[in-house]
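Report on the structure given below.
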Amino acid sequence: MSKRIVKSDVDSVLHTLHMLTNNADFSYDIAYGGYKLVTASGSVEVSPRLSKREIYDWMNAYIKGITDYNRVMVGWNNTEVA
């Protein structure tokens, strides 16, 4: 059985996203029992509206994509051309 996701779990992942991107412009919008990741102004929707579990998983995948991209690009930029 999977762990029940609570609002503090979503807040924690959002904090990780802020720290990783060095940008506190992200927030989430809650309406009709669903969550969506938006810019702080709410003018840009980053994710579709999802359940709490789905937004938690979605944000973790978003973070993993950013870290994987950074790892690949840093490794690529540090290679020397012969």
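Residue numbering restarts at 1 in every chain; chains get A, B, ... in the order shown in the structure tokens, and ligands count up from 1 in that same order.
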All residues 12 Å or closer to A:Ser41, only C-alpha atoms, same chain fewer than 3 positions away omitted, as a PDB file with C-alpha atoms, in the first residue's frame:
```
ATOM      1  CA  ALA A  24      10.403  30.809  -6.150  1.00  0.00           C
ATOM      2  CA  ASP A  25       7.972  31.714  -8.936  1.00  0.00           C
ATOM      3  CA  PHE A  26       6.258  28.296  -8.807  1.00  0.00           C
ATOM      4  CA  SER A  27       3.148  27.660  -6.737  1.00  0.00           C
ATOM      5  CA  TYR A  28       0.149  25.403  -6.960  1.00  0.00           C
ATOM      6  CA  ASP A  29      -3.491  26.185  -7.424  1.00  0.00           C
ATOM      7  CA  LEU A  37       1.385  23.650 -10.778  1.00  0.00           C
ATOM      8  CA  VAL A  38       1.420  27.274 -11.932  1.00  0.00           C
ATOM      9  CA  VAL A  44       1.020  30.176 -16.689  1.00  0.00           C
ATOM     10  CA  GLU A  45      -0.207  26.643 -16.066  1.00  0.00           C
ATOM     11  CA  VAL A  46       2.742  24.269 -15.847  1.00  0.00           C
TER      12      VAL A  46
END
```
Could you produce a table of the residues of stretch 12-79 of chain A lying within 7 Å of stretch 2-8 of chain A, with the nearest pair of atoms per residue and their separation in Å rounded to one decimal, using only C-alpha atoms, ordered by chain and increasing residue number, as a Markdown table?
```
| residue | atom | partner | partner_atom | distance |
| --- | --- | --- | --- | --- |
| A:Ser12 | CA | A:Ser8 | CA | 6.1 |
| A:Lys52 | CA | A:Ile5 | CA | 6.7 |
| A:Arg53 | CA | A:Ile5 | CA | 5.8 |
```
How would the residues just picked look written out with C-alpha atoms as a compact mmCIF listing (two decimals), in the first residue's frame?
```
# COMPACT_ATOMS: atom_id res chain seq x y z
CA SER A 12 7.94 19.81 0.43
CA LYS A 52 -2.92 15.37 -4.74
CA ARG A 53 -1.17 12.02 -5.39
```
Report task. Please identify which residues in chain A DSSP calls strand (DSSP E) from the backbone, and express them as a ChimeraX atom specification. Result -> /A:26-31,34-39
In Å and to one decimal, atom CA of A:Thr39 is distant from atom CA of A:Arg71 by 24.6 Å
| said: Excluding A:Thr21 and its own-chain neighbours fewer than 6 positions away, which residues fall within 10 Å of it when counting only C-alpha atoms? Please give them as a list in words. | reply: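 The residues that qualify are Ile63, Ile66 and Thr67 of chain A.
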Between A:Tyr69, A:Met1, A:Lys36, A:Asn23, smallest distance to A:Tyr56 by only C-alpha atoms belongs to A:Lys36
Identify which of the residues A:Ala31, A:Leu14, A:Ala61, A:Val74 lies closest to A:Arg49, counting only C-alpha atoms when measuring atom-to-atom distances.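 Under the stated criterion, the closest residue is A:Ala31.
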Check your understanding: Taking the backbone alone, and naming residues the way the document does, which bits of chain A are alpha helix (DSSP H) by DSSP, as a ChimeraX atom specification?
Key -> /A:7-21,52-77
Requested in this report: Could you tell me which of A:Ile30, A:Leu50, A:Met59, A:Val72 comes closest to A:His15 if we count only C-alpha atoms?
Outcome: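 Once distances to A:His15 are computed over only C-alpha atoms, the minimum belongs to A:Met59.
Of note, atom CA of A:Leu17 and atom CA of A:Lys64 are spaced 10.0 Å apart.
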Atom pair atom CA of A:Gly42 + atom CA of A:Met19, distance 19.4 Å
